[in-house]
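Below is one structure, written out as structure tokens; comments come after it.
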Amino acid sequence: MSRGALVVVEGLDRAGKTTQCDRLVARLSTSTTTKLRKFPDRTTPIGIMIDSYLRSNSDLDDNAIHLLFSANRWEASSAIKAELENGTTLVVDRYIYSGIAFSRAKGLDAAWCRNPDVGLPRPDVVIFLDISEEATAGRGGYGEERYEKKEMQRKVRQAFKELRQDERDAEDWVVVDAGQSVEEVEEDIWRAAQKGIERAKTEDLRTIL
Ligand code: NYM
């Protein structure tokens with residue numbers, strides 16, 4: 001039995017990640033054991049602090065919240081590794097790239113932003129749902145949480161673009177046009193996910209460099 005694949009879905013707020021992750025999990029589940037994970041995981045003690053910050057019920061230093069987001073991934077890392085080893089494919093709604101992109105957009109240093117996540121399991125594929133900040137601003141619920149402002153989202157999109165060019169993991173990224181219909185986006189994501197699934201069949205799990 002080969003290990004499960006680590007499939008990460010990234011994108012701006014309201015890019016459609018939740019809908020598409022649900023569809024991908026449903027589709028993968030017909031042929032393989034599949035589980036959805038989401039970051040931040042707001043259910044843990046660290047996640048509860050993050051949730052309070054995102055709802056603007058509390059304020060935190062930009063560096064401190066960055067480290068909490070990373071710690072929230074580290075606290076799941078052993079479980080993630082165990083699940084992958086057991087053959088479970090994981091669809092992960094946001095991961096280290098959201099962590100770096102949102103803090104970069106606030107002006108934090110790129111290397112400093114990446115450092116806390118070095119050593120975490122590395123995705124077999126990173127599927128980026130690309131959509132303009134103008135298009136997401138018109139979507140339902142926009143503006144409810146911290147960061148859901150056009151200028152911030154523009155900077156986040158730019159930061160994601162820089163991340164896709166980082167030679168340490170540029171080969172992992174697949175960009176999907178999230179401005180298409182839900183069904184079209186689903187098809188593109190399905191094709192992109194196969195890249196990760198194929199990798200998991202032949203390669204050991206890698207770590208973030
Ligand atoms: N976010 C998410 C970060 O700023 N850093 C991170 O490491 C992660 C995982 O939290 N605006 C931001 C992106 C989103 C928000 O939103 C989480 P959602 O709707 O739970 O994906």
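Labels for the structure tokens follow display order: chains A, B, ..., residues from 1 in each chain, ligands from 1.
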Practice problem: From range 34-159 of chain A, collect each residue whose DSSP state is strand (DSSP E) and return the set as a ChimeraX atom specification. | Solution: /A:34-38,89-93,121-122,125-130
Quiz item: Can you list, as a VMD selection string, every protein, DNA or RNA residue that comes within 10 Å of range 140-149 of chain A when you count only C-alpha atoms, leaving out same-chain residues fewer than 6 positions away?
Solution: chain A and resid 12 to 14 51 53 to 56 102 105 to 106 133 156
Quiz item: Nearest to ligand 1: which of A:Gly16, A:Gly99, A:Arg73, A:Glu85 is it, counting only C-alpha atoms and all ligand atoms?
Solution: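 Smallest distance to ligand 1 is found for A:Gly99.
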Practice problem: Using only C-alpha atoms, determine which residues lie at most 7 Å from Lys17 in chain A, disregarding the query and same-chain residues fewer than 4 positions distant; provide the list as a PyMOL selection string. | Solution: chain A and resi 9+21+93
Can you spit out the residues from that selection as a compact mmCIF listing (two decimals), in the first residue's frame, using N, CA and C atoms?
```
# COMPACT_ATOMS: atom_id res chain seq x y z
N VAL A 9 -4.79 23.16 -0.89
CA VAL A 9 -5.52 24.13 -1.70
C VAL A 9 -5.34 25.51 -1.06
N CYS A 21 -12.85 22.22 -1.85
CA CYS A 21 -12.23 21.16 -1.04
C CYS A 21 -13.26 20.08 -0.74
N ASP A 93 -7.13 22.59 3.36
CA ASP A 93 -7.63 23.92 3.01
C ASP A 93 -6.75 24.95 3.72
```
Quiz item: Between CA of Gln153 in chain A and CA of Ser132 in chain A, what is the distance, to one decimal in Å?
Solution: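 Atom-to-atom, CA of Gln153 in chain A and CA of Ser132 in chain A are spaced 8.7 Å apart.
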Quiz item: Quick one: of A:Ser52, A:Thr136, A:Ser77, A:Gln158, who's nearest to Ala101 in chain A, counting only C-alpha atoms?
Solution: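 Among the listed residues, the smallest separation from Ala101 in chain A belongs to A:Gln158.
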Range 35-85 of chain A residues near range 108-117 of chain A within 12 Å, closest pair each, using only C-alpha atoms, as CSV:
```
residue,atom,partner,partner_atom,distance
A:Asp61,CA,A:Leu108,CA,11.4
A:Asp62,CA,A:Leu108,CA,8.1
A:Asn63,CA,A:Leu108,CA,7.8
A:Ala64,CA,A:Cys113,CA,11.2
A:Ile65,CA,A:Cys113,CA,11.2
A:His66,CA,A:Cys113,CA,7.5
A:Leu67,CA,A:Pro116,CA,7.0
A:Leu68,CA,A:Pro116,CA,9.9
A:Phe69,CA,A:Asp117,CA,9.6
A:Ser70,CA,A:Asp117,CA,6.1
A:Ala71,CA,A:Pro116,CA,8.1
A:Asn72,CA,A:Asp117,CA,10.4
A:Arg73,CA,A:Asp117,CA,8.1
A:Trp74,CA,A:Asp117,CA,7.9
A:Glu75,CA,A:Asp117,CA,11.6
A:Ser77,CA,A:Asp117,CA,10.6
```
Quiz item: Using only C-alpha atoms, which residues sit within 8 Å of range 194-197 of chain A once same-chain residues fewer than 2 positions away are excluded, as a PyMOL selection string?
Solution: chain A and resi 4-7+123-125+190-192+199-201
Go ahead and write the residues just picked, C-alpha atoms, as a PDB file, in the first residue's frame.
```
ATOM      1  CA  GLY A   4      -1.592   8.995   1.068  1.00  0.00           C
ATOM      2  CA  ALA A   5      -1.073  12.229  -0.847  1.00  0.00           C
ATOM      3  CA  LEU A   6      -0.843  15.649   0.786  1.00  0.00           C
ATOM      4  CA  VAL A   7      -2.950  17.916  -1.409  1.00  0.00           C
ATOM      5  CA  PRO A 123       2.666  19.037   0.041  1.00  0.00           C
ATOM      6  CA  ASP A 124       2.732  16.712  -2.971  1.00  0.00           C
ATOM      7  CA  VAL A 125       0.849  19.410  -4.842  1.00  0.00           C
ATOM      8  CA  TRP A 190      -9.333  17.211 -10.025  1.00  0.00           C
ATOM      9  CA  ARG A 191      -6.687  17.111 -12.750  1.00  0.00           C
ATOM     10  CA  ALA A 192      -4.218  19.037 -10.582  1.00  0.00           C
ATOM     11  CA  ARG A 199       3.846  11.631  -6.653  1.00  0.00           C
ATOM     12  CA  ALA A 200       2.674   9.904  -3.474  1.00  0.00           C
ATOM     13  CA  LYS A 201       2.769   6.546  -5.273  1.00  0.00           C
TER      14      LYS A 201
END
```
Quiz item: Which one of A:Arg122, A:Lys35, A:Arg42, A:Arg27 sits closest to ligand 1 if you count only C-alpha atoms and all ligand atoms?
Solution: A:Arg42
Quiz item: Could you write out, as a PyMOL selection string, all the residues of range 23-114 of chain A that DSSP marks as alpha helix (DSSP H)?
Solution: chain A and resi 23-29+45-54+62-85+96-105+110-114
Keeping only C-alpha atoms, write those residues as a PDB file, in the first residue's frame.
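For reference, out38.pdb as written:
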```
ATOM      1  CA  ARG A  23     -16.056  18.481  -3.792  1.00  0.00           C
ATOM      2  CA  LEU A  24     -12.518  17.154  -4.096  1.00  0.00           C
ATOM      3  CA  VAL A  25     -12.818  15.117  -0.881  1.00  0.00           C
ATOM      4  CA  ALA A  26     -16.150  13.646  -2.047  1.00  0.00           C
ATOM      5  CA  ARG A  27     -14.676  12.676  -5.393  1.00  0.00           C
ATOM      6  CA  LEU A  28     -11.439  11.208  -4.016  1.00  0.00           C
ATOM      7  CA  SER A  29     -13.386   9.291  -1.359  1.00  0.00           C
ATOM      8  CA  PRO A  45      -6.420  26.106  22.321  1.00  0.00           C
ATOM      9  CA  ILE A  46      -4.069  27.853  19.856  1.00  0.00           C
ATOM     10  CA  GLY A  47      -6.830  27.815  17.221  1.00  0.00           C
ATOM     11  CA  ILE A  48      -9.236  29.498  19.646  1.00  0.00           C
ATOM     12  CA  MET A  49      -6.740  32.359  20.085  1.00  0.00           C
ATOM     13  CA  ILE A  50      -6.411  32.640  16.292  1.00  0.00           C
ATOM     14  CA  ASP A  51     -10.197  32.639  15.856  1.00  0.00           C
ATOM     15  CA  SER A  52     -10.583  35.436  18.388  1.00  0.00           C
ATOM     16  CA  TYR A  53      -7.920  37.467  16.524  1.00  0.00           C
ATOM     17  CA  LEU A  54      -9.531  36.880  13.110  1.00  0.00           C
ATOM     18  CA  ASP A  62       1.889  40.684  13.751  1.00  0.00           C
ATOM     19  CA  ASN A  63       4.894  38.478  14.577  1.00  0.00           C
ATOM     20  CA  ALA A  64       3.088  36.772  17.457  1.00  0.00           C
ATOM     21  CA  ILE A  65       0.012  35.863  15.378  1.00  0.00           C
ATOM     22  CA  HIS A  66       2.292  34.592  12.615  1.00  0.00           C
ATOM     23  CA  LEU A  67       3.934  32.185  15.061  1.00  0.00           C
ATOM     24  CA  LEU A  68       0.553  31.057  16.399  1.00  0.00           C
ATOM     25  CA  PHE A  69      -0.604  30.137  12.877  1.00  0.00           C
ATOM     26  CA  SER A  70       2.609  28.132  12.444  1.00  0.00           C
ATOM     27  CA  ALA A  71       2.251  26.478  15.871  1.00  0.00           C
ATOM     28  CA  ASN A  72      -1.304  25.526  14.864  1.00  0.00           C
ATOM     29  CA  ARG A  73       0.204  23.553  11.952  1.00  0.00           C
ATOM     30  CA  TRP A  74       2.948  22.008  14.090  1.00  0.00           C
ATOM     31  CA  GLU A  75       0.427  20.718  16.613  1.00  0.00           C
ATOM     32  CA  ALA A  76      -1.232  18.775  13.748  1.00  0.00           C
ATOM     33  CA  SER A  77       2.006  17.628  12.111  1.00  0.00           C
ATOM     34  CA  SER A  78       2.393  14.221  13.812  1.00  0.00           C
ATOM     35  CA  ALA A  79      -1.228  13.350  13.056  1.00  0.00           C
ATOM     36  CA  ILE A  80      -0.782  14.463   9.444  1.00  0.00           C
ATOM     37  CA  LYS A  81       2.281  12.245   9.031  1.00  0.00           C
ATOM     38  CA  ALA A  82       0.534   9.269  10.643  1.00  0.00           C
ATOM     39  CA  GLU A  83      -2.542   9.694   8.433  1.00  0.00           C
ATOM     40  CA  LEU A  84      -0.436   9.872   5.265  1.00  0.00           C
ATOM     41  CA  GLU A  85       1.572   6.816   6.316  1.00  0.00           C
ATOM     42  CA  ILE A  96       2.087  27.395   5.183  1.00  0.00           C
ATOM     43  CA  TYR A  97       1.633  29.472   2.023  1.00  0.00           C
ATOM     44  CA  SER A  98      -1.331  31.348   3.508  1.00  0.00           C
ATOM     45  CA  GLY A  99       0.806  31.804   6.602  1.00  0.00           C
ATOM     46  CA  ILE A 100       3.623  33.403   4.622  1.00  0.00           C
ATOM     47  CA  ALA A 101       1.450  35.362   2.161  1.00  0.00           C
ATOM     48  CA  PHE A 102      -0.755  37.083   4.754  1.00  0.00           C
ATOM     49  CA  SER A 103       2.216  38.084   6.928  1.00  0.00           C
ATOM     50  CA  ARG A 104       4.241  39.202   3.895  1.00  0.00           C
ATOM     51  CA  ALA A 105       1.282  41.392   2.928  1.00  0.00           C
ATOM     52  CA  ALA A 110      10.039  36.717   3.725  1.00  0.00           C
ATOM     53  CA  ALA A 111      12.732  34.509   5.275  1.00  0.00           C
ATOM     54  CA  TRP A 112      11.473  35.199   8.798  1.00  0.00           C
ATOM     55  CA  CYS A 113       7.953  34.248   7.717  1.00  0.00           C
ATOM     56  CA  ARG A 114       9.016  30.890   6.288  1.00  0.00           C
TER      57      ARG A 114
END
```
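Nearest to Ala170 in chain A of all the residues A:Thr32, A:Thr19, A:Ile127, A:Gly11 is A:Ile127, based on only C-alpha atoms.
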Exercise. Compare A:Asn57, A:Arg3, A:Ser181, A:Tyr95 by their minimum atom-to-atom distance to ligand 1, counting only C-alpha atoms and all ligand atoms, and give me the closest one.
Key: A:Tyr95
Quiz prompt | Of the listed residues A:Thr88, A:Gln165, A:Gln180, A:Thr44, that which approaches Ala135 in chain A most closely, counting only C-alpha atoms | solution =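 Residue with the minimum atom-to-atom distance to Ala135 in chain A: A:Gln180.
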